[in-house]
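> This one is input27.csv, CSV, C-alpha atoms.
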chain,number,residue,atom,x,y,z
A,1,MET,CA,33.0,46.9,-91.9
A,2,SER,CA,29.3,47.3,-92.4
A,3,LEU,CA,26.5,47.9,-90.0
A,4,PHE,CA,24.0,45.2,-89.6
A,5,ARG,CA,20.6,44.8,-87.9
A,6,VAL,CA,20.1,41.3,-86.5
A,7,ALA,CA,16.9,40.1,-85.0
A,8,ILE,CA,16.9,37.2,-82.5
A,9,HIS,CA,14.0,35.1,-81.1
A,10,ILE,CA,14.5,33.4,-77.8
A,11,VAL,CA,11.9,31.0,-76.6
A,12,PRO,CA,11.5,28.5,-73.7
A,13,ARG,CA,12.6,25.1,-74.9
A,14,ARG,CA,9.8,22.8,-76.2
A,15,GLY,CA,9.0,20.2,-73.6
A,16,LEU,CA,9.8,22.5,-70.6
A,17,LEU,CA,6.8,24.0,-68.9
A,18,ASP,CA,6.2,27.6,-70.0
A,19,PRO,CA,3.6,28.8,-67.5
A,20,GLN,CA,3.3,32.2,-69.2
A,21,GLY,CA,2.7,30.6,-72.5
A,22,LYS,CA,0.2,28.2,-71.0
A,23,ALA,CA,-1.8,31.0,-69.3
A,24,VAL,CA,-1.9,32.9,-72.6
A,25,SER,CA,-2.9,29.7,-74.5
A,26,ASP,CA,-5.8,29.2,-72.0
A,27,ALA,CA,-6.9,32.8,-72.4
A,28,LEU,CA,-6.9,32.4,-76.2
A,29,HIS,CA,-9.1,29.3,-75.8
A,30,ALA,CA,-11.4,31.3,-73.5
A,31,LEU,CA,-11.7,33.9,-76.4
A,32,GLY,CA,-12.8,31.1,-78.7
A,33,PHE,CA,-9.5,30.5,-80.5
A,34,SER,CA,-9.8,26.8,-79.9
A,35,GLY,CA,-7.3,25.9,-82.6
A,36,VAL,CA,-4.4,27.1,-80.5
A,37,ARG,CA,-2.3,24.1,-79.5
A,38,ASP,CA,0.6,25.7,-77.8
A,39,ALA,CA,2.0,29.2,-76.9
A,40,ARG,CA,5.5,29.9,-75.8
A,41,ILE,CA,6.5,33.3,-74.7
A,42,GLY,CA,10.1,34.5,-75.0
A,43,ARG,CA,12.1,37.5,-75.9
A,44,PHE,CA,12.8,39.4,-79.2
A,45,ILE,CA,16.1,41.1,-79.4
A,46,VAL,CA,17.2,43.5,-82.1
A,47,LEU,CA,20.9,44.2,-82.3
A,48,GLU,CA,22.7,46.8,-84.4
A,49,MET,CA,26.3,45.7,-84.9
A,50,GLU,CA,29.4,46.1,-87.0
A,51,ALA,CA,30.8,43.1,-88.9
A,52,THR,CA,32.8,42.5,-92.0
A,53,ASP,CA,30.0,40.6,-93.7
A,54,ALA,CA,26.7,38.9,-92.9
A,55,MET,CA,28.4,35.6,-92.2
A,56,ASP,CA,30.6,37.2,-89.7
A,57,ALA,CA,27.7,38.9,-88.0
A,58,ASP,CA,25.7,35.7,-87.9
A,59,ALA,CA,28.6,33.8,-86.3
A,60,ALA,CA,29.1,36.5,-83.7
A,61,VAL,CA,25.4,36.6,-82.8
A,62,ARG,CA,25.3,32.8,-82.5
A,63,GLN,CA,28.1,33.1,-79.9
A,64,MET,CA,26.3,35.9,-78.1
A,65,CYS,CA,23.2,33.7,-77.9
A,66,GLU,CA,25.1,30.7,-76.6
A,67,ARG,CA,27.1,32.7,-74.0
A,68,LEU,CA,24.6,35.3,-72.8
A,69,LEU,CA,21.4,36.0,-74.6
A,70,ALA,CA,19.8,32.6,-74.3
A,71,ASN,CA,20.2,30.1,-71.4
A,72,PRO,CA,21.4,26.8,-73.1
A,73,VAL,CA,19.6,24.8,-70.3
A,74,THR,CA,16.2,26.2,-70.9
A,75,GLU,CA,15.9,28.2,-74.1
A,76,ASP,CA,16.2,27.9,-77.8
A,77,PHE,CA,17.2,30.8,-80.0
A,78,GLU,CA,16.7,31.6,-83.7
A,79,ILE,CA,18.5,34.3,-85.6
A,80,GLU,CA,15.8,35.6,-87.8
A,81,GLY,CA,17.6,37.9,-90.2
A,82,VAL,CA,20.9,39.7,-90.7
A,83,HIS,CA,20.3,42.9,-92.7
A,84,VAL,CA,22.7,45.5,-93.8
A,85,ILE,CA,21.8,49.0,-92.6
A,86,GLU,CA,25.0,50.8,-93.9
A,87,GLY,CA,27.9,49.6,-95.8
A,88,ALA,CA,29.4,48.7,-99.2
A,89,HIS,CA,28.5,45.1,-99.2
A,90,ALA,CA,25.0,43.9,-99.8
A,91,THR,CA,24.1,40.6,-98.3
B,1,MET,CA,35.8,33.2,-39.3
B,2,LYS,CA,35.0,35.8,-41.9
B,3,PHE,CA,32.0,35.7,-44.3
B,4,GLY,CA,32.0,37.9,-47.4
B,5,ILE,CA,28.5,39.0,-48.5
B,6,VAL,CA,28.4,40.2,-52.1
B,7,THR,CA,26.2,43.2,-52.8
B,8,PHE,CA,25.1,43.6,-56.4
B,9,PRO,CA,22.9,46.5,-57.5
B,10,GLY,CA,19.5,45.2,-56.6
B,11,SER,CA,20.6,42.8,-53.8
B,12,ASN,CA,18.2,43.1,-50.9
B,13,CYS,CA,19.0,40.2,-48.6
B,14,ASP,CA,22.6,41.2,-48.0
B,15,TYR,CA,21.6,42.9,-44.7
B,16,ASP,CA,19.7,39.8,-43.6
B,17,ALA,CA,22.8,37.6,-44.3
B,18,TYR,CA,25.0,40.1,-42.4
B,19,HIS,CA,22.7,40.1,-39.4
B,20,ALA,CA,22.7,36.3,-39.4
B,21,VAL,CA,26.5,36.2,-39.4
B,22,ILE,CA,27.2,39.0,-37.0
B,23,ASP,CA,24.3,38.8,-34.5
B,24,GLN,CA,23.4,35.2,-34.5
B,25,LEU,CA,26.7,33.4,-35.3
B,26,GLY,CA,28.9,36.0,-33.7
B,27,GLU,CA,31.4,35.8,-36.6
B,28,ARG,CA,32.9,38.5,-38.8
B,29,ALA,CA,31.4,39.6,-42.0
B,30,ALA,CA,32.3,42.0,-44.8
B,31,TYR,CA,30.1,43.4,-47.6
B,32,LEU,CA,31.9,42.9,-50.9
B,33,TRP,CA,30.8,45.4,-53.6
B,34,HIS,CA,30.1,43.7,-56.9
B,35,LYS,CA,32.8,45.8,-58.6
B,36,ALA,CA,35.5,44.8,-56.2
B,37,ARG,CA,38.3,42.5,-57.4
B,38,ASP,CA,39.3,41.3,-54.0
B,39,LEU,CA,37.5,39.0,-51.5
B,40,GLU,CA,39.3,40.6,-48.6
B,41,GLY,CA,40.5,37.3,-47.2
B,42,VAL,CA,37.0,35.9,-46.5
B,43,ASP,CA,36.6,32.2,-45.7
B,44,VAL,CA,33.0,31.9,-47.0
B,45,VAL,CA,31.3,33.8,-49.7
B,46,ILE,CA,27.5,34.4,-49.6
B,47,LEU,CA,25.7,35.5,-52.7
B,48,PRO,CA,22.5,37.0,-51.2
B,49,GLY,CA,19.0,37.2,-52.5
B,50,GLY,CA,17.4,40.1,-54.3
B,51,PHE,CA,17.0,41.3,-57.9
B,52,SER,CA,20.5,41.9,-59.1
B,53,TYR,CA,20.4,44.1,-62.2
B,54,GLY,CA,16.7,44.1,-62.0
B,55,ASP,CA,16.6,40.5,-63.2
B,56,TYR,CA,17.2,41.9,-66.7
B,57,LEU,CA,17.5,39.3,-69.5
B,58,ARG,CA,17.2,36.5,-66.9
B,59,ALA,CA,17.6,36.4,-63.2
B,60,GLY,CA,21.3,36.3,-62.5
B,61,ALA,CA,22.4,36.6,-66.1
B,62,ILE,CA,24.1,39.9,-65.9
B,63,ALA,CA,25.3,39.7,-62.3
B,64,ARG,CA,27.6,36.8,-63.2
B,65,PHE,CA,29.7,39.3,-65.3
B,66,SER,CA,30.4,41.5,-62.3
B,67,PRO,CA,34.1,41.7,-61.5
B,68,ILE,CA,33.7,40.1,-58.1
B,69,MET,CA,32.3,36.9,-59.8
B,70,HIS,CA,35.7,36.2,-61.2
B,71,GLU,CA,37.1,36.2,-57.7
B,72,VAL,CA,34.1,34.1,-56.4
B,73,ALA,CA,34.8,31.5,-59.2
B,74,SER,CA,38.5,31.4,-58.2
B,75,HIS,CA,37.5,31.0,-54.6
B,76,ALA,CA,35.2,28.1,-55.5
B,77,ARG,CA,37.8,26.4,-57.7
B,78,ARG,CA,40.2,26.5,-54.7
B,79,GLY,CA,37.5,24.6,-52.7
B,80,GLY,CA,36.3,27.7,-50.8
B,81,PRO,CA,32.7,27.5,-49.6
B,82,VAL,CA,30.1,29.5,-51.5
B,83,ILE,CA,26.5,29.8,-50.5
B,84,GLY,CA,24.0,31.2,-53.0
B,85,ILE,CA,20.6,32.0,-51.6
B,86,CYS,CA,17.6,32.8,-53.9
B,87,ASN,CA,19.0,35.3,-56.4
B,88,GLY,CA,22.4,34.0,-55.4
B,89,PHE,CA,21.4,30.5,-56.5
B,90,GLN,CA,20.2,31.9,-59.8
B,91,ILE,CA,23.6,33.7,-60.3
B,92,LEU,CA,25.6,30.5,-59.5
B,93,CYS,CA,23.6,28.6,-62.1
B,94,GLU,CA,24.1,31.4,-64.7
B,95,ALA,CA,27.8,31.4,-63.8
B,96,HIS,CA,28.0,27.6,-64.3
B,97,LEU,CA,29.2,27.1,-60.8
B,98,LEU,CA,26.1,25.0,-60.4
B,99,PRO,CA,24.2,23.0,-63.0
B,100,GLY,CA,20.7,23.7,-64.2
B,101,ALA,CA,18.7,26.8,-64.3
B,102,LEU,CA,15.8,28.5,-62.4
B,103,MET,CA,12.7,29.3,-64.4
B,104,ARG,CA,9.5,31.1,-63.8
B,105,ASN,CA,7.4,29.5,-61.0
B,106,SER,CA,4.9,27.0,-62.5
B,107,GLY,CA,2.0,28.9,-60.9
B,108,LEU,CA,3.3,32.2,-62.4
B,109,LYS,CA,3.0,34.0,-59.0
B,110,PHE,CA,5.8,35.4,-56.9
B,111,VAL,CA,5.5,33.1,-53.8
B,112,SER,CA,6.5,34.5,-50.4
B,113,LYS,CA,5.7,32.1,-47.6
B,114,PRO,CA,7.3,29.6,-45.2
B,115,VAL,CA,7.9,26.1,-46.7
B,116,ARG,CA,9.1,22.8,-45.4
B,117,LEU,CA,12.4,21.3,-46.7
B,118,ARG,CA,13.7,17.8,-46.1
B,119,VAL,CA,17.4,17.4,-45.7
B,120,GLU,CA,18.4,14.8,-48.3
B,121,ASN,CA,22.1,14.5,-47.6
B,122,THR,CA,23.8,15.3,-44.3
B,123,ASP,CA,27.2,14.3,-45.6
B,124,THR,CA,28.0,17.8,-47.0
B,125,LEU,CA,29.9,20.8,-45.9
B,126,PHE,CA,26.6,22.7,-45.4
B,127,THR,CA,24.3,20.1,-43.9
B,128,HIS,CA,26.3,17.8,-41.5
B,129,ARG,CA,24.7,19.4,-38.4
B,130,TYR,CA,21.2,18.3,-39.5
B,131,GLU,CA,19.7,14.8,-39.0
B,132,PRO,CA,19.1,12.7,-42.1
B,133,GLY,CA,15.6,13.3,-43.3
B,134,GLN,CA,15.1,16.3,-40.9
B,135,VAL,CA,12.3,18.6,-42.0
B,136,LEU,CA,13.2,22.3,-41.8
B,137,ARG,CA,11.0,25.4,-41.9
B,138,MET,CA,12.3,28.3,-43.9
B,139,PRO,CA,10.8,31.1,-45.9
B,140,ILE,CA,10.9,31.4,-49.7
B,141,ALA,CA,10.3,34.6,-51.7
B,142,HIS,CA,10.8,34.3,-55.4
B,143,GLY,CA,9.1,34.4,-58.8
B,144,GLU,CA,11.7,32.3,-60.6
B,145,GLY,CA,12.6,29.3,-58.5
B,146,ARG,CA,11.6,26.4,-60.6
B,147,PHE,CA,14.7,24.3,-60.8
B,148,VAL,CA,15.2,22.6,-64.2
B,149,ALA,CA,18.1,20.5,-65.6
B,150,ASP,CA,18.2,17.9,-68.3
B,151,ARG,CA,17.5,14.3,-67.4
B,152,THR,CA,21.2,13.2,-67.5
B,153,THR,CA,22.2,16.0,-65.1
B,154,LEU,CA,19.3,15.3,-62.8
B,155,ASP,CA,20.1,11.6,-62.6
B,156,ARG,CA,23.7,12.2,-62.0
B,157,MET,CA,23.0,14.8,-59.2
B,158,GLU,CA,20.6,12.4,-57.5
B,159,GLN,CA,23.1,9.5,-57.7
B,160,GLU,CA,25.8,11.7,-56.3
B,161,GLY,CA,23.7,12.9,-53.4
B,162,ARG,CA,24.0,16.5,-54.6
B,163,VAL,CA,20.3,17.3,-54.1
B,164,VAL,CA,20.5,18.5,-50.5
B,165,PHE,CA,17.1,20.0,-49.9
B,166,ARG,CA,13.7,19.0,-51.3
B,167,TYR,CA,10.3,20.7,-50.8
B,168,VAL,CA,8.1,18.5,-48.7
B,169,ASP,CA,4.7,18.5,-47.0
B,170,VAL,CA,3.9,18.2,-43.3
B,171,HIS,CA,4.6,14.5,-43.4
B,172,GLY,CA,8.0,15.0,-45.0
B,173,GLU,CA,6.8,13.8,-48.4
B,174,PRO,CA,7.6,15.7,-51.7
B,175,THR,CA,4.0,16.0,-52.9
B,176,THR,CA,3.0,18.2,-55.9
B,177,GLU,CA,1.1,20.5,-53.5
B,178,ALA,CA,4.2,21.0,-51.3
B,179,ASN,CA,6.3,22.1,-54.3
B,180,PRO,CA,5.8,25.8,-54.4
B,181,ASN,CA,7.3,26.5,-57.9
B,182,GLY,CA,7.2,23.3,-59.9
B,183,SER,CA,10.9,22.4,-59.4
B,184,LEU,CA,11.9,19.1,-61.0
B,185,HIS,CA,12.3,16.4,-58.4
B,186,ALA,CA,11.0,19.1,-55.9
B,187,ILE,CA,14.6,20.4,-55.7
B,188,ALA,CA,15.1,23.3,-53.3
B,189,GLY,CA,18.9,23.2,-52.9
B,190,ILE,CA,21.9,21.5,-54.5
B,191,VAL,CA,25.6,21.4,-54.1
B,192,SER,CA,28.4,21.3,-56.7
B,193,ALA,CA,30.2,18.2,-57.7
B,194,GLU,CA,33.1,19.1,-55.4
B,195,GLY,CA,30.5,19.9,-52.6
B,196,ASN,CA,31.8,23.3,-51.7
B,197,VAL,CA,29.2,25.4,-53.6
B,198,LEU,CA,25.6,25.4,-52.2
B,199,GLY,CA,22.6,27.0,-54.1
B,200,MET,CA,19.2,27.1,-52.6
B,201,MET,CA,16.0,29.1,-53.2
B,202,PRO,CA,14.8,29.1,-49.5
B,203,HIS,CA,16.3,31.7,-47.1
B,204,PRO,CA,18.3,30.2,-44.2
B,205,GLU,CA,19.5,33.6,-43.2
B,206,ARG,CA,15.8,34.5,-42.4
B,207,ALA,CA,15.4,31.5,-40.2
B,208,VAL,CA,18.1,32.2,-37.5
B,209,GLU,CA,16.2,33.3,-34.4
B,210,PRO,CA,12.9,32.6,-32.7
B,211,LEU,CA,11.6,36.1,-33.5
B,212,LEU,CA,11.7,35.2,-37.2
B,213,GLY,CA,9.6,32.1,-36.6
B,214,SER,CA,12.3,29.5,-37.2
B,215,VAL,CA,15.9,28.8,-36.3
B,216,ASP,CA,16.2,26.0,-38.8
B,217,GLY,CA,18.6,27.9,-41.1
B,218,LEU,CA,21.3,28.1,-38.4
B,219,GLY,CA,22.3,24.5,-39.2
B,220,ILE,CA,23.8,25.5,-42.5
B,221,PHE,CA,25.9,28.3,-41.0
B,222,HIS,CA,27.0,26.1,-38.1
B,223,SER,CA,27.9,23.2,-40.4
B,224,VAL,CA,30.1,25.4,-42.6
B,225,LEU,CA,31.6,27.1,-39.5
B,226,GLU,CA,32.6,23.9,-37.9
B,227,ARG,CA,34.2,22.5,-41.1
B,228,VAL,CA,36.1,25.6,-42.1
B,229,ALA,CA,37.2,26.4,-38.5
B,230,ALA,CA,38.4,22.8,-38.1
How does the structure come out when it is put into structure tokens?

Amino acid sequence: MSLFRVAIHIVPRRGLLDPQGKAVSDALHALGFSGVRDARIGRFIVLEMEATDAMDADAAVRQMCERLLANPVTEDFEIEGVHVIEGAHAT
Amino acid sequence: MKFGIVTFPGSNCDYDAYHAVIDQLGERAAYLWHKARDLEGVDVVILPGGFSYGDYLRAGAIARFSPIMHEVASHARRGGPVIGICNGFQILCEAHLLPGALMRNSGLKFVSKPVRLRVENTDTLFTHRYEPGQVLRMPIAHGEGRFVADRTTLDRMEQEGRVVFRYVDVHGEPTTEANPNGSLHAIAGIVSAEGNVLGMMPHPERAVEPLLGSVDGLGIFHSVLERVAA
């Protein structure tokens, strides 16, 4: 077993209205950042977890996202990185 | 008849539901603590409004893992009536007892005001005491009430008459202005495929006596009472 740090991005699905993202995008336009086409605001989750290897960790986190961390009806998730914190195996 | 009202940490409409059942319907009610593993023989389960678990992660996302929800799901599978109001609706969606999800209101604001609802289907366990197309007045109080589902799900629900309440204006029309949260198809309440699970964002338990400004919520309770008692 090794200890991994896994970062997960969860954002409202493209095509669904994200009123928070729209408000921020409008505010950015007001600041003069006219190039901003879209903003979506979601969550960033960092897990520390034990797993046999990085693949194992990735598979478990995928399940966590599908079953709890993201709502499959409204959100998309992306597992950004699986990094070893402690353990014999480097990824 | 006995109603079971589930109290999660953060529920705050459980007393309103209790009051509606005891004082307005004259029926029995029991509070069911979220950690309980027994429905105490209740006939109807109410998941009340509030902010269970502080709406952490997503509204209703954590509450659905409470031990009592296992019992509520079994009750629903046996055909037992379940009414989810506001946060209760959010929990039912997260628990997959109802389709879709409830997202942040399109206007970003928490909206607390009376709204008009049109009864879209009177052939359900919860609405048969209303007239078809009847317009009801009930309060809403939520920040995350925008009902969304994918196109296929929405079409199927519409075809099956599972959209039971829609937000409408004074003329009974579902206009954009009358939709307080941007819900797709102006959906305010739906039932499950089997028809025994109701989820709605408006609060019928706060529209049960003239003092509250409306008695239009009583129809839901009387409908279910009549069917379950029969």
> Using all atoms listed in the file and a cut-off of 7 Å, which residues of chain B sit close to chain A? Please list them as JSON, numbers by chain.
{"B": [100, 101, 106, 107, 108, 149]}
> Distance atom CA of A:Gly42-atom CA of A:Gly15, one decimal place?
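Atom-to-atom, atom CA of A:Gly42 to atom CA of A:Gly15, that is 14.4 Å.
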> Taking all atoms listed in the file into account, which of A:Arg37, A:Arg5, A:Arg14, A:His29 comes nearest A:His83?
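For A:His83, the nearest of the candidates is A:Arg5.
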> Go through A:Ala30, A:Met64, A:Met1, A:Val6 and flag the residue nearest A:Glu48, using all atoms listed in the file for the distances.
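Distance minimum relative to A:Glu48 lands on A:Val6.
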> Just to confirm, what's the straight-line distance from atom CA of B:Pro139 to atom CA of B:Leu211 in Å (one decimal)?
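Distance reported for this atom pair: 13.4 Å.
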> If we count all atoms listed in the file and set the cut-off at 7 Å, which residues sit around B:Arg104, ignoring sequence neighbours fewer than 2 positions away in its own chain? Please answer as a PyMOL selection string.
chain B and resi 102+106+108+143-146
> With C-alpha atoms kept, could you save the residues just selected as a PDB file, in the coordinates of the input?

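Heads up, here's the output in part.pdb:
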ATOM      1  CA  LEU B 102      15.800  28.500 -62.400  1.00  0.00           C
ATOM      2  CA  SER B 106       4.900  27.000 -62.500  1.00  0.00           C
ATOM      3  CA  LEU B 108       3.300  32.200 -62.400  1.00  0.00           C
ATOM      4  CA  GLY B 143       9.100  34.400 -58.800  1.00  0.00           C
ATOM      5  CA  GLU B 144      11.700  32.300 -60.600  1.00  0.00           C
ATOM      6  CA  GLY B 145      12.600  29.300 -58.500  1.00  0.00           C
ATOM      7  CA  ARG B 146      11.600  26.400 -60.600  1.00  0.00           C
TER       8      ARG B 146
END
> Using all atoms listed in the file, determine which residues lie at most 10 Å from stretch 206-209 of chain B, disregarding the query and same-chain residues fewer than 5 positions distant; provide the list as a ChimeraX atom specification.
/B:13,16-17,19-21,23-25,114,136-140,214-219,221
> From the options B:Ser52, B:Thr124, B:Ser66, B:Gln90, which residue's atoms come nearest to B:Met200, counting all atoms listed in the file?
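Closest to B:Met200, using all atoms listed in the file: B:Gln90.
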> In Å, with one decimal, what is the gap from atom CA of B:Gly88 to atom CA of B:Pro174?
23.8 Å
> Taking into account all atoms listed in the file, which residue in the set B:Leu98, B:Leu125, B:Val115, B:Leu32 is nearest to B:Asn196?
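Answer, going by the shortest atom-to-atom distance: B:Leu125.
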> Looking at all atoms listed in the file, which of B:Ala230, B:Ala73, B:Ala141, B:Ala63 is the one that sits closest to B:Ser112?
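Using all atoms listed in the file, the shortest distance to B:Ser112 belongs to B:Ala141.
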> Env of stretch 25-27 of chain A: 7 Å cut, atoms = all atoms listed in the file, seq-sep filter 5 positions within chain, self excluded. Answer as a ChimeraX atom specification.
/A:36,38-39
> Would you save the residues of that selection, restricted to C-alpha atoms, as a PDB file, in the frame of the given file?

ATOM      1  CA  VAL A  36      -4.400  27.100 -80.500  1.00  0.00           C
ATOM      2  CA  ASP A  38       0.600  25.700 -77.800  1.00  0.00           C
ATOM      3  CA  ALA A  39       2.000  29.200 -76.900  1.00  0.00           C
TER       4      ALA A  39
END
> Identify the residues around (10.7, 33.1, -82.6) within a radius of 10 Å, measuring from only C-alpha atoms in the coordinates stated by the file, and give them as a list in words.
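Selection result: Ala7, Ile8, His9, Ile10, Val11, Arg40, Ile41, Gly42, Arg43, Phe44, Asp76, Phe77, Glu78, Ile79 and Glu80 of chain A.
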> Considering only C-alpha atoms, can you say which of B:Leu97, B:Glu177, B:Ile46, B:Ile5 comes closest to B:Ala30?
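Of the candidates, the smallest distance to B:Ala30 is held by B:Ile5.
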> Anything within 12 Å of (32.1, 28.4, -38.3): list those residues as a PyMOL selection string, counting all atoms listed in the file and sticking to the file's coordinates.
chain B and resi 1-3+21-22+24-29+43-44+81+125-126+129+218-230
